[in-house]
Amino acid sequence: MAIHPEVARVTVRVQERSRAGRLAYLARMAAARDEGPSRGRVSCTNLAHAMAASPTDDKLSIREQRAPNIAIVSSYNDMLSAHQPLATFPDIIKRAAREAGATAQFAGGVPAMCDGVTQGQPGMELSLWSRDIIAQGTAIALSHAVFDGALMLGICDKIVPGLLIGALAFGHLPVIFVPGGPMTSGLPNSDKAKVRQLFAQGKADRTQLLQAEMASYHGPGTCTFYGTANSNQMLMEVMGLHLPGAAFVNPGTKLRDALTAEAARRVVALTALGREYTPIGEIVDERAIVNAIVGLLATGGSTNHTLHLVAIARMAGITIDWTDFDELSAVTPLLTRMYPNGQADVNHFHAAGGMGLLIRELLDAGLLHEDVRTVAGEGLRAYANEPWLGDADGEADGNEKGNGRVNGGARVAWRPAPAASGDTGVLRTAADPFDAHAGVRLLRGNLGRAIFKASAVKPEHRVVTAPVRVFDGQMQMLAAFKAGELARDVIVVVRFQGPRANGMPELHMLTPSLAVLQDQGHKVALVTDGRMSGASGKVPAAIHVSPEAVAGGLLGKLRDGDVVRLDGEAGVLEALVDAAEWARREPALAVSGISGHGYGRELFASHRRSAAVAEEGAVSWA
């Protein structure tokens, strides 16, 4: 299928814009590759330290330097459900690597904080910076220079972007991302949302709220709604960095364990000592980045990736901006409905045909570049398949409980994804989409540039013109809601929430209150220089407003009562204030409620000072 002309045009523009940066990046990676396997460059003392605790047979292999040595970098912890399954993965990987004639070492762990735990708490102000810390931690793990490839074990919000940024700093190495999979489905998302709204109105108590939340988040695995964590997994497949179909296989099953083992065997083959040298720096090129944007748009994925994809591309020498997202959105159909864009979860999506069907539809519509390099080694068409597990007694789907090894020596294999969706309320074809235009759009006007997640908002709510109520923090807004001061048509402005102000925390805890106002019949919207994340709900929200208020952004000019127009259809965010009056106003710089102390926030002062604007990825390292 020929590539869609608009996708081709945007790709060429990205390539031209990125030419100098990309050439410089590839030159650095080629120099690192040409130096040969890392272990040949370290001293005997260095190498002895690196393998002192290894089993005898592994020591022999590492010492001989003729077989690949694979790094394992993991975000494992057992507090967070998404990461708890990773505990067993290193042993599975080490066994599989030995079977493939290689070795594997646990090179390092990276932090994994959960935005679900820190939502509305001071710790949320560290969340965005954790991405850059994870990237740095990944680089530290790989800096020991004794590895020929790497496996990245990570799942959620900032973890996968951080691991990928860190891995791209070692772009001469082959790298495969190894997911843990989603927890099984719990309380339906619609029921959970209702309880949250009742709690916001004081009609449900904390015990009822906690009971509903625990029924939803109930076991090992990733949260099942389609937020940033599961958007991460979608992106790794669309970019060719997972094994095909690996994203949404539940943890603790035979198929999950088999995919983990196969990732270890596969990365061995991709090393410079293997049969198919495929470094990650060559996989993540301009076409892969465009594919990632299209995948995000077609699935109504997390708005966090309007930051993270920019940062990932930047590390690979590629420059993208929100105009690229917006123009691709205009030609990308919305093919999925998963909460918060619908009521289904990722398990329903996976059962309906999942990533294999989705990628096939986008390829056949010419919306994805097929001729890219992937860890599967067969271009992106290999990702139109789904994994399954067979054994000597016949076929099995692999969803039986796993035990850390694949019984009977069964190996994962791939077959074509289903020919048709098993549930067109969750997953549709490109010929019959939920919407002809995708889920993430750019807003522009005299307040700056902002992101709008159209896929989560019903068409009748996408245009709001109303007076504003301005707040300098989310707790001020919640207090005003509880006092009944917002029961009218209103655009709530929450400013001083950008990366330089306080680390750009997610403001998802505002959604239930704003949803109550919307359900009461009021025209409401949110405008903020903060984030709303993959959990962005049914209330229209202009987020990531750039430049941010603390840096003199124009949200600082707004006053209570000013009328603002948020038009998610036409892409407009504008203060309807007399031009002469607007020009005379000085942005407000006095900030209340921002603290750089407590909860470790002191340690991230340099990140806040050096942060790039949101449209440049809010990175603190460039």
# chains A, B, ... in the order shown; residues from 1 in each chain; ligands from 1
>>> residues_around(residues="Ser546 in chain A", least_positions_apart="5", cutoff="10 Å", atoms="only C-alpha atoms", output="number ranges by chain")
A: 444, 447-451, 498, 528-530, 551-555, 613-616
>>> residues_around(residues="Thr319 in chain A", least_positions_apart="6", cutoff="12 Å", atoms="only C-alpha atoms", output="VMD selection string")
chain A and resid 10 to 22 285 to 286 289 to 290 309 to 313 615 to 617
>>> residues_around(residues="His172 in chain A", least_positions_apart="6", cutoff="10 Å", atoms="only C-alpha atoms", output="mmCIF file with C-alpha atoms, in the first residue's frame")
data_model
loop_
_atom_site.group_PDB
_atom_site.id
_atom_site.type_symbol
_atom_site.label_atom_id
_atom_site.label_comp_id
_atom_site.auth_asym_id
_atom_site.auth_seq_id
_atom_site.Cartn_x
_atom_site.Cartn_y
_atom_site.Cartn_z
ATOM 1 C CA LEU A 26 24.105 8.646 13.579
ATOM 2 C CA ARG A 28 28.156 9.317 17.095
ATOM 3 C CA MET A 29 26.446 5.934 17.096
ATOM 4 C CA ALA A 30 28.574 4.690 14.187
ATOM 5 C CA ALA A 31 31.734 5.687 16.040
ATOM 6 C CA ALA A 32 30.601 3.722 19.091
ATOM 7 C CA ARG A 33 29.730 0.706 16.922
ATOM 8 C CA ASP A 34 33.033 0.756 15.070
ATOM 9 C CA ASP A 148 26.344 -6.117 23.481
ATOM 10 C CA GLY A 149 22.594 -5.515 23.740
ATOM 11 C CA THR A 271 23.792 -7.965 18.436
ATOM 12 C CA ALA A 272 26.945 -7.279 16.444
ATOM 13 C CA TYR A 277 22.843 -6.591 13.790
ATOM 14 C CA THR A 278 20.038 -4.064 14.385
ATOM 15 C CA PRO A 279 20.899 -1.155 16.683
ATOM 16 C CA ILE A 280 18.067 0.782 18.282
ATOM 17 C CA GLY A 281 19.420 4.089 16.970
ATOM 18 C CA GLU A 282 18.656 2.932 13.420
#
>>> select_by_dssp(residues="range 2-205 of chain A", states="helix (DSSP H, G or I)", output="VMD selection string")
chain A and resid 5 to 34 38 to 41 44 to 51 56 to 64 84 to 99 115 to 118 122 to 142 159 to 168 189 to 200
>>> residues_around(residues="range 521-523 of chain A", least_positions_apart="5", cutoff="12 Å", atoms="only C-alpha atoms", output="list in words")
Glu460, His461, Arg462, Val463, Val464, Thr465, Ala466, Pro467, Val468, Leu486, Ala487, Arg488, Asp489, Val490, Ile491, Val492, Leu514, Ala515, Val516, Val539, Pro540, Arg565 and Leu566 of chain A
>>> write_last_selection(atoms="N, CA and C atoms", output="tab-separated table (two decimals), in the first residue's frame")
chain	number	residue	atom	x	y	z
A	460	GLU	N	-20.62	17.69	21.19
A	460	GLU	CA	-21.40	18.83	21.69
A	460	GLU	C	-20.69	19.58	22.81
A	461	HIS	N	-19.61	19.04	23.34
A	461	HIS	CA	-18.86	19.71	24.41
A	461	HIS	C	-17.53	20.29	23.94
A	462	ARG	N	-17.22	20.20	22.65
A	462	ARG	CA	-15.89	20.57	22.18
A	462	ARG	C	-15.70	22.06	21.96
A	463	VAL	N	-16.76	22.83	22.01
A	463	VAL	CA	-16.67	24.28	21.83
A	463	VAL	C	-17.32	24.95	23.04
A	464	VAL	N	-16.54	25.74	23.76
A	464	VAL	CA	-17.04	26.44	24.95
A	464	VAL	C	-16.56	27.88	24.91
A	465	THR	N	-17.48	28.82	25.04
A	465	THR	CA	-17.15	30.23	25.22
A	465	THR	C	-17.80	30.67	26.52
A	466	ALA	N	-16.99	31.11	27.47
A	466	ALA	CA	-17.54	31.43	28.80
A	466	ALA	C	-16.55	32.31	29.56
A	467	PRO	N	-17.04	32.99	30.62
A	467	PRO	CA	-16.13	33.74	31.49
A	467	PRO	C	-15.19	32.79	32.23
A	468	VAL	N	-14.01	33.29	32.56
A	468	VAL	CA	-13.03	32.46	33.25
A	468	VAL	C	-13.04	32.73	34.74
A	486	LEU	N	-18.66	27.73	41.39
A	486	LEU	CA	-18.44	27.42	39.98
A	486	LEU	C	-19.67	26.86	39.29
A	487	ALA	N	-20.81	26.92	39.94
A	487	ALA	CA	-22.04	26.33	39.40
A	487	ALA	C	-22.66	27.25	38.35
A	488	ARG	N	-21.99	27.34	37.21
A	488	ARG	CA	-22.41	28.22	36.11
A	488	ARG	C	-21.57	27.86	34.89
A	489	ASP	N	-21.86	28.48	33.77
A	489	ASP	CA	-20.97	28.33	32.63
A	489	ASP	C	-19.63	28.98	33.00
A	490	VAL	N	-18.55	28.23	32.87
A	490	VAL	CA	-17.27	28.74	33.32
A	490	VAL	C	-16.13	27.99	32.64
A	491	ILE	N	-15.08	28.72	32.32
A	491	ILE	CA	-13.81	28.11	31.92
A	491	ILE	C	-12.85	28.29	33.09
A	492	VAL	N	-12.46	27.19	33.67
A	492	VAL	CA	-11.56	27.20	34.81
A	492	VAL	C	-10.12	27.27	34.29
A	514	LEU	N	-15.29	18.93	37.69
A	514	LEU	CA	-15.71	19.58	36.45
A	514	LEU	C	-16.77	18.75	35.74
A	515	ALA	N	-16.69	17.43	35.84
A	515	ALA	CA	-17.70	16.56	35.22
A	515	ALA	C	-19.06	16.75	35.88
A	516	VAL	N	-19.06	16.98	37.18
A	516	VAL	CA	-20.32	17.24	37.89
A	516	VAL	C	-20.98	18.50	37.32
A	539	VAL	N	-14.47	16.19	30.06
A	539	VAL	CA	-14.54	17.64	30.10
A	539	VAL	C	-13.50	18.22	29.13
A	540	PRO	N	-13.88	19.15	28.26
A	540	PRO	CA	-12.90	19.74	27.34
A	540	PRO	C	-11.79	20.44	28.10
A	565	ARG	N	-12.60	31.70	24.50
A	565	ARG	CA	-13.20	30.73	23.58
A	565	ARG	C	-12.24	29.56	23.42
A	566	LEU	N	-12.73	28.38	23.73
A	566	LEU	CA	-12.00	27.13	23.49
A	566	LEU	C	-12.78	26.38	22.42
>>> select_by_dssp(residues="range 454-505 of chain A", states="strand (DSSP E)", output="list in words")
Val463, Val464, Thr465, Ala466, Pro467, Val468, Arg469, Val470, Phe471, Val490, Ile491, Val492, Val493 and Val494 of chain A
>>> write_last_selection(atoms="C-alpha atoms", output="PDB file, in the first residue's frame")
ATOM      1  CA  VAL A 463     -16.666  24.279  21.832  1.00  0.00           C
ATOM      2  CA  VAL A 464     -17.039  26.440  24.948  1.00  0.00           C
ATOM      3  CA  THR A 465     -17.155  30.229  25.217  1.00  0.00           C
ATOM      4  CA  ALA A 466     -17.536  31.428  28.803  1.00  0.00           C
ATOM      5  CA  PRO A 467     -16.133  33.741  31.491  1.00  0.00           C
ATOM      6  CA  VAL A 468     -13.031  32.456  33.247  1.00  0.00           C
ATOM      7  CA  ARG A 469     -12.261  31.870  36.877  1.00  0.00           C
ATOM      8  CA  VAL A 470      -8.511  32.010  37.420  1.00  0.00           C
ATOM      9  CA  PHE A 471      -6.663  29.898  39.979  1.00  0.00           C
ATOM     10  CA  VAL A 490     -17.266  28.741  33.323  1.00  0.00           C
ATOM     11  CA  ILE A 491     -13.813  28.106  31.924  1.00  0.00           C
ATOM     12  CA  VAL A 492     -11.555  27.200  34.809  1.00  0.00           C
ATOM     13  CA  VAL A 493      -7.975  28.419  34.370  1.00  0.00           C
ATOM     14  CA  VAL A 494      -5.346  26.700  36.527  1.00  0.00           C
TER      15      VAL A 494
END
>>> residues_around(residues="range 344-351 of chain A", least_positions_apart="2", cutoff="8 Å", atoms="only C-alpha atoms", output="list in words")
Pro182, Thr184, Ser185, Pro188, Asn189, Thr224, Phe225, Tyr226, Asn230, Phe248, Thr336, Arg337, Met338, Tyr339, Gly342, Gly353, Gly354, Met355, Gly422, Val426 and Leu427 of chain A
>>> write_last_selection(atoms="N, CA and C atoms", output="mmCIF file, in the first residue's frame")
data_model
loop_
_atom_site.group_PDB
_atom_site.id
_atom_site.type_symbol
_atom_site.label_atom_id
_atom_site.label_comp_id
_atom_site.auth_asym_id
_atom_site.auth_seq_id
_atom_site.Cartn_x
_atom_site.Cartn_y
_atom_site.Cartn_z
ATOM 1 N N PRO A 182 -1.248 -6.169 31.139
ATOM 2 C CA PRO A 182 -2.268 -5.560 31.989
ATOM 3 C C PRO A 182 -2.867 -6.550 32.980
ATOM 4 N N THR A 184 -6.017 -8.312 34.880
ATOM 5 C CA THR A 184 -7.315 -8.714 34.353
ATOM 6 C C THR A 184 -8.359 -7.649 34.675
ATOM 7 N N SER A 185 -9.448 -7.651 33.937
ATOM 8 C CA SER A 185 -10.466 -6.610 34.088
ATOM 9 C C SER A 185 -11.150 -6.694 35.450
ATOM 10 N N PRO A 188 -16.080 -2.217 36.085
ATOM 11 C CA PRO A 188 -16.154 -1.433 34.853
ATOM 12 C C PRO A 188 -15.818 0.032 35.088
ATOM 13 N N ASN A 189 -15.138 0.611 34.115
ATOM 14 C CA ASN A 189 -14.688 1.987 34.267
ATOM 15 C C ASN A 189 -15.837 2.969 34.473
ATOM 16 N N THR A 224 -5.941 -1.100 33.627
ATOM 17 C CA THR A 224 -6.502 -1.526 32.339
ATOM 18 C C THR A 224 -7.090 -0.398 31.506
ATOM 19 N N PHE A 225 -7.220 0.821 32.056
ATOM 20 C CA PHE A 225 -7.725 1.898 31.205
ATOM 21 C C PHE A 225 -6.617 2.331 30.235
ATOM 22 N N TYR A 226 -7.031 3.029 29.160
ATOM 23 C CA TYR A 226 -6.069 3.392 28.126
ATOM 24 C C TYR A 226 -5.455 4.751 28.447
ATOM 25 N N ASN A 230 -0.583 2.197 29.060
ATOM 26 C CA ASN A 230 -0.942 1.342 27.935
ATOM 27 C C ASN A 230 -0.679 2.023 26.592
ATOM 28 N N PHE A 248 -0.242 -6.570 25.289
ATOM 29 C CA PHE A 248 -1.396 -6.703 26.175
ATOM 30 C C PHE A 248 -1.707 -8.151 26.550
ATOM 31 N N THR A 336 -10.239 3.194 17.835
ATOM 32 C CA THR A 336 -10.517 2.500 19.098
ATOM 33 C C THR A 336 -11.371 3.355 20.024
ATOM 34 N N ARG A 337 -12.079 2.664 20.911
ATOM 35 C CA ARG A 337 -12.794 3.309 22.001
ATOM 36 C C ARG A 337 -12.449 2.561 23.285
ATOM 37 N N MET A 338 -11.530 3.131 24.047
ATOM 38 C CA MET A 338 -11.162 2.569 25.343
ATOM 39 C C MET A 338 -11.218 3.681 26.380
ATOM 40 N N TYR A 339 -11.573 3.335 27.593
ATOM 41 C CA TYR A 339 -11.690 4.326 28.652
ATOM 42 C C TYR A 339 -10.361 5.078 28.813
ATOM 43 N N GLY A 342 -14.004 5.704 25.952
ATOM 44 C CA GLY A 342 -15.119 4.773 25.829
ATOM 45 C C GLY A 342 -15.200 3.986 27.117
ATOM 46 N N GLY A 353 -9.107 -8.053 18.768
ATOM 47 C CA GLY A 353 -8.161 -8.125 17.656
ATOM 48 C C GLY A 353 -6.854 -7.443 17.956
ATOM 49 N N GLY A 354 -6.901 -6.487 18.884
ATOM 50 C CA GLY A 354 -5.702 -5.906 19.455
ATOM 51 C C GLY A 354 -4.773 -5.226 18.475
ATOM 52 N N MET A 355 -3.497 -5.203 18.860
ATOM 53 C CA MET A 355 -2.497 -4.457 18.115
ATOM 54 C C MET A 355 -2.307 -4.996 16.702
ATOM 55 N N GLY A 422 -13.538 -8.382 16.741
ATOM 56 C CA GLY A 422 -14.472 -9.154 17.542
ATOM 57 C C GLY A 422 -15.482 -8.294 18.268
ATOM 58 N N VAL A 426 -15.351 -1.448 20.228
ATOM 59 C CA VAL A 426 -14.030 -1.219 20.826
ATOM 60 C C VAL A 426 -12.970 -0.941 19.764
ATOM 61 N N LEU A 427 -13.021 -1.687 18.654
ATOM 62 C CA LEU A 427 -11.977 -1.617 17.629
ATOM 63 C C LEU A 427 -12.638 -1.712 16.261
#
>>> atom_distance(atom1="CA of Leu243 in chain A", atom2="CA of Ala263 in chain A")
6.8 Å
>>> residues_around(residues="Leu241 in chain A", least_positions_apart="6", cutoff="6 Å", atoms="only C-alpha atoms", output="number ranges by chain")
A: 176-177, 375
>>> atom_distance(atom1="CA of Gly473 in chain A", atom2="CA of Asp157 in chain A")
22.6 Å
>>> atom_distance(atom1="CA of Pro418 in chain A", atom2="CA of Val457 in chain A")
29.6 Å
>>> closest_residue(among="A:Ser190, A:Gln233, A:Thr138, A:Ser54", to="Val73 in chain A", atoms="only C-alpha atoms")
A:Thr138
>>> residues_around(residues="range 357-364 of chain A", least_positions_apart="4", cutoff="7 Å", atoms="only C-alpha atoms", output="PyMOL selection string")
chain A and resi 1+353+368+370+383-384+417-418+429-430
>>> closest_residue(among="A:Gln136, A:Thr253, A:Gln197, A:Gln84", to="Gly221 in chain A", atoms="only C-alpha atoms")
A:Gln84
>>> closest_residue(among="A:Arg415, A:Arg256, A:Arg585, A:Arg314", to="Ala24 in chain A", atoms="only C-alpha atoms")
A:Arg314
>>> closest_residue(among="A:Asn77, A:Thr103, A:Ser43, A:Thr303", to="Asp57 in chain A", atoms="only C-alpha atoms")
A:Thr103
